[in-house]
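coords.csv (CSV, C-alpha atoms (C1' of nucleotides))
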chain,number,residue,atom,x,y,z
A,30,MET,CA,-35.3,13.3,12.5
A,31,PRO,CA,-37.7,11.7,14.9
A,32,GLU,CA,-36.6,8.3,13.7
A,33,LEU,CA,-33.1,8.5,15.2
A,34,TYR,CA,-34.0,6.9,18.5
A,35,GLN,CA,-35.6,4.0,16.6
A,36,VAL,CA,-32.4,3.6,14.6
A,37,TYR,CA,-30.4,3.5,17.9
A,38,GLN,CA,-32.7,0.8,19.3
A,39,LYS,CA,-32.6,-1.3,16.2
A,40,LEU,CA,-28.8,-1.1,16.1
A,41,LEU,CA,-28.6,-2.0,19.8
A,42,ASN,CA,-30.8,-5.0,19.3
A,43,LEU,CA,-28.7,-6.0,16.2
A,44,HIS,CA,-25.2,-5.6,17.6
A,45,GLY,CA,-25.6,-5.4,21.4
A,46,PRO,CA,-23.7,-2.9,23.6
A,47,GLN,CA,-20.4,-1.9,22.2
A,48,GLY,CA,-18.6,-0.5,25.3
A,49,TRP,CA,-16.3,2.0,23.6
A,50,TRP,CA,-13.8,3.7,24.1
A,51,PRO,CA,-12.9,0.8,22.0
A,52,THR,CA,-9.6,-0.6,23.2
A,53,GLY,CA,-10.9,-4.1,23.7
A,54,GLY,CA,-13.8,-2.9,25.8
A,55,LYS,CA,-11.3,-1.7,28.3
A,56,TYR,CA,-13.4,1.2,29.4
A,57,SER,CA,-16.7,-0.5,29.0
A,58,GLY,CA,-19.0,0.6,31.8
A,59,LYS,CA,-16.1,2.5,33.4
A,60,THR,CA,-17.1,6.0,34.3
A,61,ASN,CA,-14.4,7.0,36.8
A,62,LEU,CA,-11.5,7.3,34.3
A,63,THR,CA,-8.0,7.8,35.6
A,64,GLU,CA,-5.7,10.6,34.3
A,65,SER,CA,-3.9,7.9,32.4
A,66,ASP,CA,-7.2,6.7,30.8
A,67,LYS,CA,-8.0,10.2,29.7
A,68,VAL,CA,-4.7,10.8,28.1
A,69,GLU,CA,-4.9,7.5,26.3
A,70,ILE,CA,-8.3,8.4,24.9
A,71,CYS,CA,-7.1,11.9,23.8
A,72,VAL,CA,-4.1,10.4,22.1
A,73,GLY,CA,-6.2,7.7,20.5
A,74,ALA,CA,-8.6,10.3,19.2
A,75,ILE,CA,-5.8,12.2,17.4
A,76,LEU,CA,-4.1,9.0,16.1
A,77,ALA,CA,-7.5,7.7,14.8
A,78,GLN,CA,-7.8,10.6,12.3
A,79,ASN,CA,-8.4,9.0,8.8
A,80,THR,CA,-6.9,5.7,10.0
A,81,THR,CA,-8.1,2.3,10.9
A,82,TRP,CA,-8.5,1.5,14.6
A,83,LYS,CA,-6.3,-1.6,14.3
A,84,ASN,CA,-3.4,0.7,13.4
A,85,VAL,CA,-4.2,3.0,16.3
A,86,GLU,CA,-4.3,0.1,18.8
A,87,ARG,CA,-0.8,-1.0,17.6
A,88,THR,CA,0.5,2.5,18.1
A,89,LEU,CA,-1.1,2.9,21.6
A,90,SER,CA,0.4,-0.4,22.6
A,91,THR,CA,3.9,0.7,21.6
A,92,LEU,CA,3.4,4.0,23.4
A,93,GLN,CA,2.2,2.2,26.5
A,94,GLN,CA,5.2,-0.2,26.5
A,95,ASP,CA,7.6,2.8,26.3
A,96,ASN,CA,5.8,4.7,29.0
A,97,MET,CA,4.9,7.4,26.6
A,98,LEU,CA,1.2,7.7,27.4
A,99,SER,CA,1.5,10.8,29.6
A,100,LEU,CA,1.4,14.5,28.7
A,101,GLN,CA,4.9,14.9,30.2
A,102,ALA,CA,6.5,12.2,28.2
A,103,ILE,CA,4.8,13.3,24.9
A,104,SER,CA,5.8,16.9,25.4
A,105,LYS,CA,9.4,16.1,26.4
A,106,VAL,CA,10.4,13.6,23.7
A,107,SER,CA,11.8,14.8,20.4
A,108,GLY,CA,9.3,15.2,17.6
A,109,LYS,CA,11.3,12.9,15.4
A,110,THR,CA,11.3,10.1,18.0
A,111,LEU,CA,7.6,10.4,18.7
A,112,SER,CA,7.0,10.4,14.9
A,113,GLU,CA,8.9,7.1,14.6
A,114,MET,CA,6.9,5.6,17.5
A,115,ILE,CA,3.6,6.4,15.9
A,116,LEU,CA,4.6,5.3,12.4
A,117,SER,CA,1.9,2.6,12.1
A,118,SER,CA,-1.0,5.1,12.5
A,119,GLY,CA,-0.1,6.9,9.3
A,120,TYR,CA,0.5,10.6,8.8
A,121,HIS,CA,3.1,10.2,11.6
A,122,ASN,CA,4.8,13.5,11.1
A,123,GLN,CA,1.6,15.5,11.3
A,124,LYS,CA,0.2,13.5,14.2
A,125,SER,CA,3.5,13.8,16.1
A,126,ARG,CA,3.2,17.5,15.9
A,127,LYS,CA,-0.5,17.4,16.9
A,128,LEU,CA,0.2,15.3,19.9
A,129,GLN,CA,3.0,17.5,21.2
A,130,LEU,CA,1.0,20.7,20.7
A,131,PHE,CA,-1.9,19.1,22.5
A,132,ALA,CA,0.2,17.9,25.4
A,133,LYS,CA,2.1,21.1,25.8
A,134,HIS,CA,-1.0,23.2,25.7
A,135,VAL,CA,-2.8,21.1,28.4
A,136,LEU,CA,0.2,21.0,30.6
A,137,ALA,CA,0.9,24.7,30.4
A,138,LYS,CA,-2.6,25.9,30.8
A,139,HIS,CA,-4.2,23.3,33.1
A,140,GLY,CA,-1.5,21.1,34.5
A,141,THR,CA,-3.4,17.8,34.0
A,142,CYS,CA,-5.7,16.3,31.4
A,143,SER,CA,-8.4,15.8,34.1
A,144,LYS,CA,-8.5,19.5,35.0
A,145,PHE,CA,-8.5,20.4,31.3
A,146,LEU,CA,-11.4,18.0,30.6
A,147,ASN,CA,-13.3,19.1,33.7
A,148,GLN,CA,-14.3,22.4,32.1
A,149,PRO,CA,-17.8,22.8,30.8
A,150,SER,CA,-18.1,21.7,27.1
A,151,GLU,CA,-19.0,25.2,26.1
A,152,ILE,CA,-15.4,26.2,27.1
A,153,LEU,CA,-13.7,22.9,26.3
A,154,ARG,CA,-14.9,22.6,22.7
A,155,PRO,CA,-13.7,25.9,21.4
A,156,GLU,CA,-10.4,25.5,23.3
A,157,LEU,CA,-9.9,22.1,21.6
A,158,LEU,CA,-10.8,23.5,18.2
A,159,SER,CA,-8.3,26.3,18.7
A,160,LEU,CA,-5.5,23.8,18.7
A,161,TRP,CA,-3.8,23.0,15.4
A,162,GLY,CA,-4.8,19.5,14.2
A,163,ILE,CA,-7.9,19.2,16.2
A,164,GLY,CA,-11.1,19.5,14.2
A,165,PRO,CA,-14.7,19.0,15.1
A,166,GLU,CA,-14.8,15.2,15.1
A,167,THR,CA,-11.6,14.8,17.1
A,168,ALA,CA,-12.7,17.5,19.6
A,169,ASP,CA,-16.1,15.9,20.1
A,170,SER,CA,-14.6,12.4,20.5
A,171,ILE,CA,-12.4,13.8,23.2
A,172,ILE,CA,-15.3,15.5,24.9
A,173,LEU,CA,-17.6,12.5,24.7
A,174,TYR,CA,-15.3,9.7,25.6
A,175,ALA,CA,-12.6,11.3,27.7
A,176,ALA,CA,-14.5,14.2,29.3
A,177,GLN,CA,-17.7,12.1,29.3
A,178,LYS,CA,-19.9,15.0,28.4
A,179,PRO,CA,-22.9,14.5,26.1
A,180,VAL,CA,-21.9,15.9,22.6
A,181,PHE,CA,-22.6,13.7,19.6
A,182,VAL,CA,-19.7,12.7,17.4
A,183,ILE,CA,-20.3,13.1,13.7
A,184,ASP,CA,-17.9,11.0,11.7
A,185,THR,CA,-17.8,9.6,8.2
A,186,TYR,CA,-19.9,6.6,9.1
A,187,THR,CA,-22.5,8.6,10.9
A,188,ARG,CA,-22.9,10.9,7.9
A,189,ARG,CA,-23.0,7.9,5.5
A,190,ILE,CA,-25.7,6.2,7.5
A,191,VAL,CA,-28.0,9.1,7.9
A,192,GLU,CA,-27.6,10.0,4.2
A,193,ASN,CA,-28.3,6.4,3.3
A,194,LEU,CA,-31.5,6.6,5.3
A,195,GLU,CA,-32.2,10.0,3.6
A,196,LEU,CA,-32.7,11.6,7.0
A,197,VAL,CA,-30.6,14.6,6.0
A,198,PRO,CA,-29.6,16.1,2.7
A,199,PRO,CA,-26.2,15.3,1.3
A,200,GLU,CA,-23.3,17.4,2.6
A,201,THR,CA,-25.2,18.8,5.6
A,202,PRO,CA,-22.6,20.8,7.6
A,203,TYR,CA,-21.1,19.1,10.6
A,204,ASP,CA,-22.6,21.4,13.2
A,205,LEU,CA,-26.1,21.1,11.8
A,206,LEU,CA,-25.9,17.3,11.6
A,207,GLN,CA,-24.7,17.3,15.2
A,208,GLN,CA,-27.6,19.6,16.2
A,209,GLN,CA,-30.1,17.2,14.7
A,210,PHE,CA,-28.8,14.2,16.7
A,211,GLU,CA,-28.6,16.2,19.9
A,212,GLN,CA,-32.2,17.6,19.5
A,213,GLN,CA,-33.7,14.2,18.6
A,214,LEU,CA,-32.1,12.1,21.3
A,215,PRO,CA,-32.1,12.2,25.1
A,216,LYS,CA,-29.1,14.2,26.2
A,217,ASN,CA,-27.3,11.2,27.7
A,218,THR,CA,-23.6,10.5,27.6
A,219,HIS,CA,-23.9,6.7,27.7
A,220,LEU,CA,-26.5,6.8,24.9
A,221,PHE,CA,-24.3,9.1,22.7
A,222,LYS,CA,-21.3,6.8,23.2
A,223,GLU,CA,-23.2,3.7,22.4
A,224,PHE,CA,-25.0,5.1,19.4
A,225,HIS,CA,-21.8,6.4,17.8
A,226,ALA,CA,-20.1,3.1,18.4
A,227,LEU,CA,-23.0,1.2,17.0
A,228,ILE,CA,-23.1,3.3,13.9
A,229,VAL,CA,-19.4,2.6,13.3
A,230,LYS,CA,-19.9,-1.1,13.9
A,231,HIS,CA,-22.8,-1.2,11.5
A,232,ALA,CA,-21.4,0.9,8.8
A,233,LYS,CA,-18.2,-1.2,8.7
A,234,VAL,CA,-20.4,-4.2,8.0
A,235,CYS,CA,-22.5,-3.0,5.3
A,236,CYS,CA,-22.1,0.6,4.0
A,237,LYS,CA,-19.6,1.4,1.3
A,238,LYS,CA,-18.0,4.7,0.4
A,239,ASN,CA,-20.0,7.1,-1.7
A,240,HIS,CA,-23.1,6.3,0.4
A,241,VAL,CA,-23.7,3.0,-1.3
A,242,VAL,CA,-25.6,0.6,0.9
A,243,GLY,CA,-24.2,-2.9,0.8
A,244,LYS,CA,-26.5,-5.7,-0.3
A,245,ASN,CA,-26.7,-7.1,3.2
A,246,CYS,CA,-27.3,-3.8,4.8
A,247,ILE,CA,-30.2,-3.8,7.2
A,248,LEU,CA,-29.8,-0.1,7.6
A,249,SER,CA,-31.6,1.0,4.5
A,250,LYS,CA,-34.7,3.2,4.1
A,251,THR,CA,-36.9,0.3,5.1
A,252,PHE,CA,-34.9,-0.2,8.3
A,253,ILE,CA,-36.7,2.4,10.3
A,254,SER,CA,-40.1,1.9,8.9
B,43,DG,C1',-2.1,-2.7,-7.5
B,44,DG,C1',-6.0,0.0,-6.2
B,45,DC,C1',-9.1,1.4,-2.7
B,46,DC,C1',-10.1,2.9,1.7
B,47,DA,C1',-9.6,4.0,6.6
B,48,DG,C1',-13.6,6.7,13.1
B,49,DG,C1',-9.6,14.1,9.4
B,50,DA,C1',-7.6,18.3,9.3
B,51,DC,C1',-5.2,21.9,7.2
B,52,DA,C1',-2.9,24.6,3.4
B,53,DC,C1',-3.3,26.8,-0.8
B,54,DC,C1',-5.5,29.0,-4.6
B,55,DA,C1',-8.8,31.3,-7.6
C,159,DT,C1',-15.5,30.6,0.5
C,160,DG,C1',-15.5,26.6,-2.0
C,161,DG,C1',-12.7,23.2,-4.4
C,162,DT,C1',-8.5,20.7,-4.5
C,163,DG,C1',-4.1,18.8,-2.9
C,164,DT,C1',-1.3,16.9,0.9
C,165,DC,C1',-0.2,14.2,4.6
C,166,DA,C1',1.1,8.1,4.9
C,167,DT,C1',0.8,3.4,6.8
C,168,DG,C1',-1.6,-0.9,6.5
C,169,DG,C1',-5.4,-4.2,5.6
C,170,DC,C1',-8.2,-6.2,2.2

Could you render the structure from this file as structure tokens?
Amino acid sequence: MPELYQVYQKLLNLHGPQGWWPTGGKYSGKTNLTESDKVEICVGAILAQNTTWKNVERTLSTLQQDNMLSLQAISKVSGKTLSEMILSSGYHNQKSRKLQLFAKHVLAKHGTCSKFLNQPSEILRPELLSLWGIGPETADSIILYAAQKPVFVIDTYTRRIVENLELVPPETPYDLLQQQFEQQLPKNTHLFKEFHALIVKHAKVCCKKNHVVGKNCILSKTFIS
DNA sequence: GGCCAGGACACCA
DNA sequence: TGGTGTCATGGC
């Protein structure tokens, strides 16, 4: 996929810098994240599973107001209470359990989110994947945006766009797709963050489910030619 | 009222 | 091991 960098540049020209982690550009350009920032990104990554970001923002705001955005608070509160607090993100019963398992694991094994995330991604990724409720996309979102290490996040939109462009065969496995991105692009955390954000931004505008390119989609096969 | 959203896991043949 | 079902609220 030698065209991937071209795709990145075209999307950047089209939409401009996105400045994710996406809570209103809060972390835009910010590289020295606090412990609290990192917890918020991890919680957001879990809450965002199969859910619109608007719903996640609402939930994060609720958790923030109630001083619940810490590993200690999440691990101490009852599952039922936490579940009610994250209702608007959907799948609240499952996500409540996921958040508590994550918080308890990090506290017990590492003490802080920062220490946990400070591990090399070769150790961090399998450790994240070993936790119930954290799959490849959630793990990689946490590694890229909270740990700020260069792994490429493959989400529904990323897959949809590269399939639209016919850069990969349909149903290419996650790890292979990720490998393609990481081999074709400079291994740069900022670039990976921006490219992923730009893909989401662009796909929301013009790409429908089932890989149908919307009529106004610039990101078609002719896009990179 | 149906479709879809920045997934992940359980279950079954 | 691959296909299917389940989890669930909220916007359009």

Counting all atoms listed in the file, chain A residues within 12 Å of chain C, as an MDAnalysis selection string: chainID A and resid 76 78:85 87:88 112:113 115:124 162

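Near chain B, within 10 Å and counting only C-alpha atoms (C1' of nucleotides), the residues of chain A are Ala74, Ile75, Ala77, Gln78, Asn79, Thr80, Thr81, Trp82, Asn84, Gln123, Trp161, Gly162, Ile163, Gly164, Pro165, Glu166, Thr167, Ser170, Val182, Ile183, Asp184, Thr185, Tyr186, Thr187, His225, Ala226, Val229, Lys237 and Lys238 of chain A.
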
Distance of atom CA of Ser90 of chain A from atom CA of Ser150 of chain A, expressed in Å to one decimal place: 29.2 Å

Atom CA of Pro155 of chain A to atom CA of Glu211 of chain A, straight-line distance in Å: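 Atom CA of Pro155 of chain A lies 17.8 Å from atom CA of Glu211 of chain A.
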